[in-house]
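A.B. asks: Submitted below is the structure of interest, expressed as structure tokens.
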Amino acid sequence: LQNVRIDPSSISFSMWKDIPVPFYMSVYFFEVLNPKEVLQGAKPALNQRGPYVYREFRYKTNITFHDNDTVSFLEYRKLFFQPDLSNGSEEEYIVLPNILMMGAAVMMENLPNFVKLLLSGALAGLKQEAFMNRTVGEIMWGYEDPLIDTINAVVPGLIPFKGKFGLFIELNNSNSGLFTVNTGMKNISRVHMVDSWNGLKKVNYWQSSECNMINGTSGEMWPPFMSPTSLEFYSPDACRSMTLVYEQSGKFKGVPTYRFVAPKTLFANGTDYPPNEGFCPCMQSGIQNISTCRLNAPMFLSHPHFYNADPALVDAVEGLHPSKDQHALFLDVHPMTGIPMNCSIKLQLNLYIKRVPGIIQTGKIKPVVLPLLWFAESGSIEGSVLKQFYTNLVLIPSLLDYLQYIFLVLSVPFIISAAVLRVTSQ
């Protein structure tokens, strides 16, 4: 118990502070093969590109212990491209929806016609089109676009940022917010459980108190002596708490584990799963509207290739092949310590596109939730850390059990001899 608390003297503290597990983020893009036809109302045809693999380093700063048995910290991520592990380079070009333009168009759908005509004229002057051909590096880490200044001028406050735009621009060299978690010093069953995030006990993105709750841990470790039921964590990237459910027991390189996976209800809509009503307005089951925490842009989160989603989402585009083996997320956790041994968290980012009257650049595009990319963050304990884990948590306990039976067997003759002597003396 002392060694799994968040305490500088505990064995697990250095692992918690600077995670020794090599993490990798693999990114797959969905290239649009028929952009001209999509503008005329055709079904989008997609081709998966990648993976583009990044080595991910995580470390904590601003670690501050408090009198109420909690500790606050900022965790930073740094990503470095790995050409040898990737199927392609960051200089490759990919055709994707013009995310800024198509997102802004949907966001302006209900504004007065003269505003939409003004934007449409500005888009024409800037030679903006519904689809763009940019490099992987630009899409990931940002590109300068005069459209940003134009949108800010036409509709101030619609997109509260300036400069470059990139899907992962805020992920690299940044933190995931100020977490305050329990140390487990007085109550080990609360260790790693989130007390607050950015000073909040709950968020205000969603429509119900239940959906706004900050539950579980920060997603790195869990309290020891886990039961084979479920685990919870708060994800700043998804702006919500997530619950994974127990699937099966197993072993990771000899170490006992519980595997936890996403239930089918994770991204279900409010009709199929009423507790998720607070995440609405909803569309089909299997996608979650995250516009309220993503600048009101029409963005949706799902499993890759719409795995576990309404088949209508898969049928609306060509080129998707959902598979449990390739697209389901999982966590393998050592139940005695609550430390993950092996994990792969997979999520897909989607953009809702459609024809918007008054904005000619949207052509005759039919309403569709279009996959942009999916990514997998994967890591497993290995090397000296795994060896220490196996020795302390598997080998030594097994040896002690073995020795226990040896001592029991060796003691039998002495017990018999003592009994015989006692009978003889009587």
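A note on labels: chains of the structure tokens are A, B, ... as shown, every chain counts residues from 1, and ligands are counted from 1 in their shown order.
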Region 119-126 of chain A: which residues within 12 Å, counting only C-alpha atoms, same-chain residues fewer than 3 positions away excluded, as JSON, numbers by chain?
C.D. replies: {"A": [98, 100, 101, 102, 104, 105, 108, 109, 111, 112, 113, 114, 115, 116, 129, 130, 145, 146, 147, 148, 149, 150, 151, 152, 153, 154, 155, 356, 357, 358, 359, 360, 361, 362, 363]}
A.B. asks: Any idea what's packed within 6 Å of region 57-72 of chain A, counting only C-alpha atoms, ignoring anything in its chain fewer than 6 positions away? Could you give it as a ChimeraX atom specification?
C.D. replies: /A:17-18,78,179-183
A.B. asks: Deliver the residues from the most recent selection as a file, using N, CA and C atoms, as a CSV table (one decimal), in the first residue's frame.
C.D. replies:
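This is the output file result.csv:
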chain,number,residue,atom,x,y,z
A,17,LYS,N,5.7,10.3,-11.8
A,17,LYS,CA,6.2,11.6,-12.1
A,17,LYS,C,6.7,11.7,-13.6
A,18,ASP,N,7.5,10.8,-14.0
A,18,ASP,CA,8.0,10.7,-15.3
A,18,ASP,C,7.8,9.3,-15.9
A,78,LYS,N,5.3,15.9,-25.4
A,78,LYS,CA,6.1,16.3,-26.6
A,78,LYS,C,6.1,15.1,-27.6
A,179,PHE,N,-4.5,19.1,-13.1
A,179,PHE,CA,-5.1,18.1,-12.4
A,179,PHE,C,-4.8,18.1,-10.9
A,180,THR,N,-5.8,17.9,-10.0
A,180,THR,CA,-5.6,17.8,-8.6
A,180,THR,C,-6.2,16.4,-8.3
A,181,VAL,N,-5.3,15.5,-7.8
A,181,VAL,CA,-5.8,14.1,-7.5
A,181,VAL,C,-5.4,13.7,-6.1
A,182,ASN,N,-6.1,12.7,-5.6
A,182,ASN,CA,-5.8,12.2,-4.2
A,182,ASN,C,-4.5,11.4,-4.2
A,183,THR,N,-3.8,11.6,-3.1
A,183,THR,CA,-2.5,10.9,-2.9
A,183,THR,C,-2.6,9.5,-2.4
A.B. asks: Give the answer as one residue: which of A:Phe279, A:Phe131, A:Lys346, A:Glu247 has the shortest atom-to-atom distance to Glu37 (chain A), using only C-alpha atoms?
C.D. replies: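 Under the stated criterion, the closest residue is A:Phe131.
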A.B. asks: Do you know which residues are at most 10 Å from region 11-16 of chain A counting only C-alpha atoms, after dropping those on the same chain fewer than 6 positions away, and could you put them as an MDAnalysis selection string?
C.D. replies: chainID A and resid 2:5 59:60 192 220:221 337 339 385
A.B. asks: Write out the residues from the selection above, keeping C-alpha atoms, as an mmCIF file, in the first residue's frame.
C.D. replies:
data_model
loop_
_atom_site.group_PDB
_atom_site.id
_atom_site.type_symbol
_atom_site.label_atom_id
_atom_site.label_comp_id
_atom_site.auth_asym_id
_atom_site.auth_seq_id
_atom_site.Cartn_x
_atom_site.Cartn_y
_atom_site.Cartn_z
ATOM 1 C CA GLN A 2 2.838 2.387 0.811
ATOM 2 C CA ASN A 3 4.420 1.767 -2.583
ATOM 3 C CA VAL A 4 1.367 2.712 -4.668
ATOM 4 C CA ARG A 5 0.624 6.002 -2.901
ATOM 5 C CA TYR A 59 6.384 14.400 -17.856
ATOM 6 C CA LYS A 60 4.874 16.289 -14.929
ATOM 7 C CA HIS A 192 -5.170 8.843 -8.216
ATOM 8 C CA GLU A 220 -2.634 7.014 -15.878
ATOM 9 C CA MET A 221 -3.117 4.765 -12.843
ATOM 10 C CA THR A 337 -1.517 -2.185 -8.144
ATOM 11 C CA ILE A 339 -0.940 0.213 -12.973
ATOM 12 C CA VAL A 385 10.602 -1.686 -15.415
#
A.B. asks: Could you find all residues in region 63-235 of chain A that DSSP calls strand (DSSP E) from the backbone, and write them as an MDAnalysis selection string?
C.D. replies: chainID A and resid 63:65 70:81 93:97 131:135 143:144 164:165 174:182 194:197 230:235
A.B. asks: Could you name the residues that touch Met193 (chain A) at 7 Å or less, counting only C-alpha atoms, but leaving out those on the same chain fewer than 2 positions away, as a list of chain:residue names?
C.D. replies: A:Val181, A:Asn182, A:Arg190, A:Val191, A:Asp195, A:Gly216, A:Thr217
A.B. asks: Among region 108-302 of chain A, which residues does DSSP mark as helix (DSSP H, G or I) when it is run on the backbone? Keep the chain and numbering as in the structure and answer as an MDAnalysis selection string.
C.D. replies: chainID A and resid 113:125 136:141 146:154 188:190 209:212 274:279 291:293
A.B. asks: Fewer than 2 positions away in the same chain doesn't count, so skip those; otherwise give me all residues within 12 Å of Ser291 (chain A), counting only C-alpha atoms, as a VMD selection string.
C.D. replies: chain A and resid 103 106 to 107 205 to 206 238 to 239 279 to 282 287 to 289 293 to 301 349 to 352
A.B. asks: Would you kindly return, as a PyMOL selection string, each protein, DNA or RNA residue with an atom no farther than 9 Å from any atom of Pro256 (chain A), considering only C-alpha atoms and excluding same-chain residues fewer than 3 positions away?
C.D. replies: chain A and resi 249-253+333-336+394
A.B. asks: Restrict the selected residues to C-alpha atoms and save them as a PDB file, in the first residue's frame.
C.D. replies:
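Contents of result_27.pdb, as written:
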ATOM      1  CA  SER A 249      -8.492 -11.616 -17.415  1.00  0.00           C
ATOM      2  CA  GLY A 250      -5.140 -12.361 -18.987  1.00  0.00           C
ATOM      3  CA  LYS A 251      -1.403 -11.912 -18.716  1.00  0.00           C
ATOM      4  CA  PHE A 252       0.987  -9.403 -20.214  1.00  0.00           C
ATOM      5  CA  LYS A 253       4.432 -10.995 -20.468  1.00  0.00           C
ATOM      6  CA  VAL A 333      -4.257  -3.137 -15.958  1.00  0.00           C
ATOM      7  CA  HIS A 334      -2.465  -5.035 -13.184  1.00  0.00           C
ATOM      8  CA  PRO A 335      -5.356  -5.397 -10.712  1.00  0.00           C
ATOM      9  CA  MET A 336      -3.234  -5.544  -7.542  1.00  0.00           C
ATOM     10  CA  VAL A 394       4.897 -12.475  -9.860  1.00  0.00           C
TER      11      VAL A 394
END
A.B. asks: Determine the nearest neighbour of Ala262 (chain A) from the options A:Glu382, A:Asp310, A:Glu144, A:Glu232, counting only C-alpha atoms.
C.D. replies: A:Glu232
